[in-house]
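Peer 1: Handing you this structure, nothing more for now.
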Amino acid sequence: MTDVADLVPVVARRERLLAALHESPQAKCDLVRSLEVSRSTVDRAVRRLESEGLVERRESGYGLTLLGRLVFEEYRTFTERATGLLDASPGLEALPADTTLDPAALVDANVTVAERTMPYRPGDRHLELMEEATHVRLLSTAVGPRYVNAVRDAVVERGARVLLGVTTAVAERLVTRHAAALDDALATGEFELRELADVPPFSLGMFDRPSGTSFGALVYDEDAPRVYVDNDTTAAIEYGERCFERYWTAAEPITPVAELSSD
């Protein structure tokens, strides 16, 4: 039996042919036409894959064996997740090495990177998603006036339900600098503010919008937004919800800001 270390390069090299057979069995002449390669190339590839037990001859041509289908699907899952990790690498570089992260949440994600001429692009994307949401769940490790105003407007002007968990440092900043805006939001009954017991490695947002739910993660580098990753796949949403619940349930409710700031 071929060792895994030897099998992976075979699958990688024959990926296009395996993908074609994954759709349905095909004759060699159809593979030559769809892959736009020579007959000899198809012959060599099929023989090699047959020898590995990944492809078998059928009445309609050639198809994947059960082993071939499962190996190809695992390989495709790996390449999709690895691609997502590489796309998000500018943000991953700013996170601690022990950060818990599900690679599936990065597959097909939108990645917004800060640029020298547009340093606020990641934060802008975060606010853009908030503008469309009717229910927002947030974990924030940093805030600015635009962020606070966006939360206040979402609740007061649009009637959105917003749950906001913040670090101790952010809570103090909100109380001392943005009490009026947050009291406006708290007065509606649609805003809940909590102080996080643990500090998440990035700011997180879950946005329920008319088009569906989206997960977003804002990664900072030395207090400056570096990368924003957002995704609406099932895997990303499930990961975001697990992450939010972990921090939110352990957080402590904060009483109305006006009461805190008057102490």
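Every chain in the structure tokens has a letter given in the order shown (A, B, ...), and although residue numbers restart at 1 in each chain, ligands are simply numbered from 1 in the order shown.
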Please return, as a PyMOL selection string, all residues of range 14-96 of chain A that DSSP assigns to strand (DSSP E) on the basis of the backbone.
Peer 2: chain A and resi 55-58+61-64
Peer 1: Generate the output file for the selected residues, N, CA and C atoms, as a PDB file, in the first residue's frame.
Peer 2:
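The resulting file, selection-v8.pdb, is reproduced below:
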```pdb
ATOM      1  N   VAL A  55      -8.937   4.850  -8.951  1.00  0.00           N
ATOM      2  CA  VAL A  55      -9.776   4.873 -10.149  1.00  0.00           C
ATOM      3  C   VAL A  55     -10.009   3.443 -10.611  1.00  0.00           C
ATOM      4  N   GLU A  56     -11.188   3.177 -11.171  1.00  0.00           N
ATOM      5  CA  GLU A  56     -11.513   1.853 -11.682  1.00  0.00           C
ATOM      6  C   GLU A  56     -12.258   1.976 -13.004  1.00  0.00           C
ATOM      7  N   ARG A  57     -12.144   0.933 -13.828  1.00  0.00           N
ATOM      8  CA  ARG A  57     -12.825   0.905 -15.110  1.00  0.00           C
ATOM      9  C   ARG A  57     -14.278   0.491 -14.919  1.00  0.00           C
ATOM     10  N   ARG A  58     -15.178   1.157 -15.613  1.00  0.00           N
ATOM     11  CA  ARG A  58     -16.607   0.835 -15.559  1.00  0.00           C
ATOM     12  C   ARG A  58     -17.162   0.746 -16.970  1.00  0.00           C
ATOM     13  N   GLY A  61     -16.942   4.011 -18.718  1.00  0.00           N
ATOM     14  CA  GLY A  61     -15.627   4.629 -18.816  1.00  0.00           C
ATOM     15  C   GLY A  61     -14.831   4.372 -17.552  1.00  0.00           C
ATOM     16  N   TYR A  62     -14.356   5.461 -16.913  1.00  0.00           N
ATOM     17  CA  TYR A  62     -13.593   5.359 -15.672  1.00  0.00           C
ATOM     18  C   TYR A  62     -14.247   6.220 -14.589  1.00  0.00           C
ATOM     19  N   GLY A  63     -14.205   5.695 -13.379  1.00  0.00           N
ATOM     20  CA  GLY A  63     -14.767   6.428 -12.255  1.00  0.00           C
ATOM     21  C   GLY A  63     -13.922   6.247 -11.013  1.00  0.00           C
ATOM     22  N   LEU A  64     -14.221   7.032  -9.989  1.00  0.00           N
ATOM     23  CA  LEU A  64     -13.486   6.925  -8.728  1.00  0.00           C
ATOM     24  C   LEU A  64     -13.974   5.724  -7.933  1.00  0.00           C
TER      25      LEU A  64
END
```
Peer 1: Using DSSP on the backbone coordinates, identify all residues within range 40-245 of chain A classified as alpha helix (DSSP H); present the result as number ranges by chain.
Peer 2: A: 40-51, 66-87, 89-92, 121-132, 145-156, 168-177, 179-187, 234-245
Peer 1: Output C-alpha atoms for every residue in the selection just made, as a CSV table (one decimal), in the first residue's frame.
Peer 2:
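Output contents, as saved in selection-v1.csv:
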```csv
chain,number,residue,atom,x,y,z
A,40,SER,CA,-1.2,9.7,-23.8
A,41,THR,CA,-1.3,12.0,-20.8
A,42,VAL,CA,-4.8,10.7,-19.8
A,43,ASP,CA,-3.6,7.1,-20.3
A,44,ARG,CA,-0.6,7.6,-18.0
A,45,ALA,CA,-2.7,9.4,-15.4
A,46,VAL,CA,-5.4,6.7,-15.4
A,47,ARG,CA,-2.9,3.9,-15.1
A,48,ARG,CA,-1.2,5.5,-12.1
A,49,LEU,CA,-4.5,6.2,-10.4
A,50,GLU,CA,-5.7,2.7,-11.0
A,51,SER,CA,-2.5,1.3,-9.5
A,66,LEU,CA,-14.8,4.6,-2.8
A,67,LEU,CA,-11.2,5.1,-1.7
A,68,GLY,CA,-10.6,7.5,-4.5
A,69,ARG,CA,-13.7,9.6,-3.8
A,70,LEU,CA,-12.9,9.8,-0.1
A,71,VAL,CA,-9.3,10.6,-0.6
A,72,PHE,CA,-10.1,13.3,-3.2
A,73,GLU,CA,-12.7,14.9,-0.9
A,74,GLU,CA,-10.3,15.0,2.0
A,75,TYR,CA,-7.6,16.5,-0.3
A,76,ARG,CA,-10.0,19.1,-1.5
A,77,THR,CA,-11.1,20.0,2.0
A,78,PHE,CA,-7.4,20.4,3.0
A,79,THR,CA,-6.6,22.7,0.0
A,80,GLU,CA,-9.7,24.8,0.6
A,81,ARG,CA,-8.8,25.3,4.2
A,82,ALA,CA,-5.1,25.9,3.5
A,83,THR,CA,-6.0,28.5,0.8
A,84,GLY,CA,-8.2,30.3,3.4
A,85,LEU,CA,-5.4,30.3,5.9
A,86,LEU,CA,-2.9,31.7,3.4
A,87,ASP,CA,-5.4,34.4,2.3
A,89,SER,CA,-2.1,35.1,6.8
A,90,PRO,CA,-1.6,38.9,7.3
A,91,GLY,CA,-4.1,38.7,10.2
A,92,LEU,CA,-2.9,35.4,11.5
A,121,ARG,CA,-10.4,49.5,5.4
A,122,PRO,CA,-10.7,46.6,7.8
A,123,GLY,CA,-12.7,48.7,10.3
A,124,ASP,CA,-14.9,50.1,7.5
A,125,ARG,CA,-15.9,46.6,6.5
A,126,HIS,CA,-16.9,45.8,10.1
A,127,LEU,CA,-19.1,48.9,10.2
A,128,GLU,CA,-20.5,48.2,6.8
A,129,LEU,CA,-21.9,44.8,8.0
A,130,MET,CA,-23.3,46.4,11.1
A,131,GLU,CA,-25.2,49.0,9.0
A,132,GLU,CA,-27.3,46.3,7.4
A,145,PRO,CA,-15.9,57.3,18.1
A,146,ARG,CA,-17.1,55.9,14.7
A,147,TYR,CA,-17.6,52.5,16.2
A,148,VAL,CA,-19.6,53.8,19.2
A,149,ASN,CA,-21.7,55.9,17.0
A,150,ALA,CA,-22.4,53.0,14.7
A,151,VAL,CA,-23.6,50.9,17.7
A,152,ARG,CA,-25.8,53.8,18.9
A,153,ASP,CA,-27.3,54.4,15.5
A,154,ALA,CA,-28.0,50.7,14.9
A,155,VAL,CA,-30.0,50.6,18.2
A,156,VAL,CA,-31.6,54.0,18.4
A,168,THR,CA,-12.1,46.1,30.9
A,169,ALA,CA,-10.0,48.8,29.2
A,170,VAL,CA,-12.7,49.4,26.6
A,171,ALA,CA,-15.5,49.5,29.3
A,172,GLU,CA,-13.6,52.3,31.1
A,173,ARG,CA,-13.2,54.1,27.8
A,174,LEU,CA,-16.9,53.9,27.1
A,175,VAL,CA,-17.9,55.1,30.5
A,176,THR,CA,-15.6,58.1,30.5
A,177,ARG,CA,-15.8,59.2,26.9
A,179,ALA,CA,-21.6,57.7,28.2
A,180,ALA,CA,-24.3,59.7,26.4
A,181,ALA,CA,-24.3,57.6,23.3
A,182,LEU,CA,-24.4,54.3,25.2
A,183,ASP,CA,-27.1,55.6,27.6
A,184,ASP,CA,-29.2,56.4,24.5
A,185,ALA,CA,-28.8,52.9,23.3
A,186,LEU,CA,-29.5,51.3,26.8
A,187,ALA,CA,-32.7,53.4,27.2
A,234,THR,CA,-22.3,27.5,7.7
A,235,ALA,CA,-18.9,26.6,9.1
A,236,ALA,CA,-17.9,30.2,9.7
A,237,ILE,CA,-21.3,31.1,11.3
A,238,GLU,CA,-21.1,28.0,13.6
A,239,TYR,CA,-17.6,28.9,14.7
A,240,GLY,CA,-18.5,32.6,15.3
A,241,GLU,CA,-21.5,31.6,17.4
A,242,ARG,CA,-19.4,29.2,19.5
A,243,CYS,CA,-16.8,31.8,20.0
A,244,PHE,CA,-19.3,34.5,20.9
A,245,GLU,CA,-21.2,32.3,23.4
```
Peer 1: Grab the CA of Val162 in chain A to CA of Leu193 in chain A distance for me, in Å with one decimal place.
Peer 2: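 Computed distance, CA of Val162 in chain A to CA of Leu193 in chain A, equals 8.6 Å.
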Peer 1: Name all residues at most 7 Å from Arg226 in chain A (count only C-alpha atoms; drop same-chain ones fewer than 5 positions away) and give them as a list of chain:residue names.
Peer 2: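 That gives A:Gly91, A:Val113, A:Ala114, A:Pro122, A:Val219, A:Tyr220, A:Asp221.
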Peer 1: Find the distance between CA of Phe215 in chain A and CA of Ala160 in chain A and write it in Å to one decimal.
Peer 2: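 Computing the Euclidean distance for CA of Phe215 in chain A and CA of Ala160 in chain A yields 16.9 Å.
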Peer 1: Counting only C-alpha atoms, figure out which residue out of A:Val136, A:Ala217, A:Ala27, A:Ala224 gets nearest to Glu190 in chain A.
Peer 2: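 Nearest candidate to Glu190 in chain A out of A:Val136, A:Ala217, A:Ala27, A:Ala224: A:Val136.
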Peer 1: Please determine, counting only C-alpha atoms, which residue among A:Glu222, A:Glu59, A:Asp198, A:Glu23 has the shortest atom-to-atom distance to Ala94 in chain A.
Peer 2: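 The closest residue to Ala94 in chain A is A:Glu222.
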Peer 1: Which one of A:Thr100, A:Leu35, A:Pro253, A:Ala5 sits closest to Ala19 in chain A if you count only C-alpha atoms?
Peer 2: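 The shortest atom-to-atom distance to Ala19 in chain A comes from A:Leu35.
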Peer 1: Quick one: of A:Arg39, A:Arg16, A:Arg33, A:Arg137, who's nearest to Gly216 in chain A, counting only C-alpha atoms?
Peer 2: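 Ranking A:Arg39, A:Arg16, A:Arg33, A:Arg137 by distance to Gly216 in chain A, first place goes to A:Arg137.
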Peer 1: I'd like the interatomic distance between CA of Thr213 in chain A and CA of Glu115 in chain A, to a tenth of an Å.
Peer 2: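 Separation of CA of Thr213 in chain A and CA of Glu115 in chain A: 27.3 Å.
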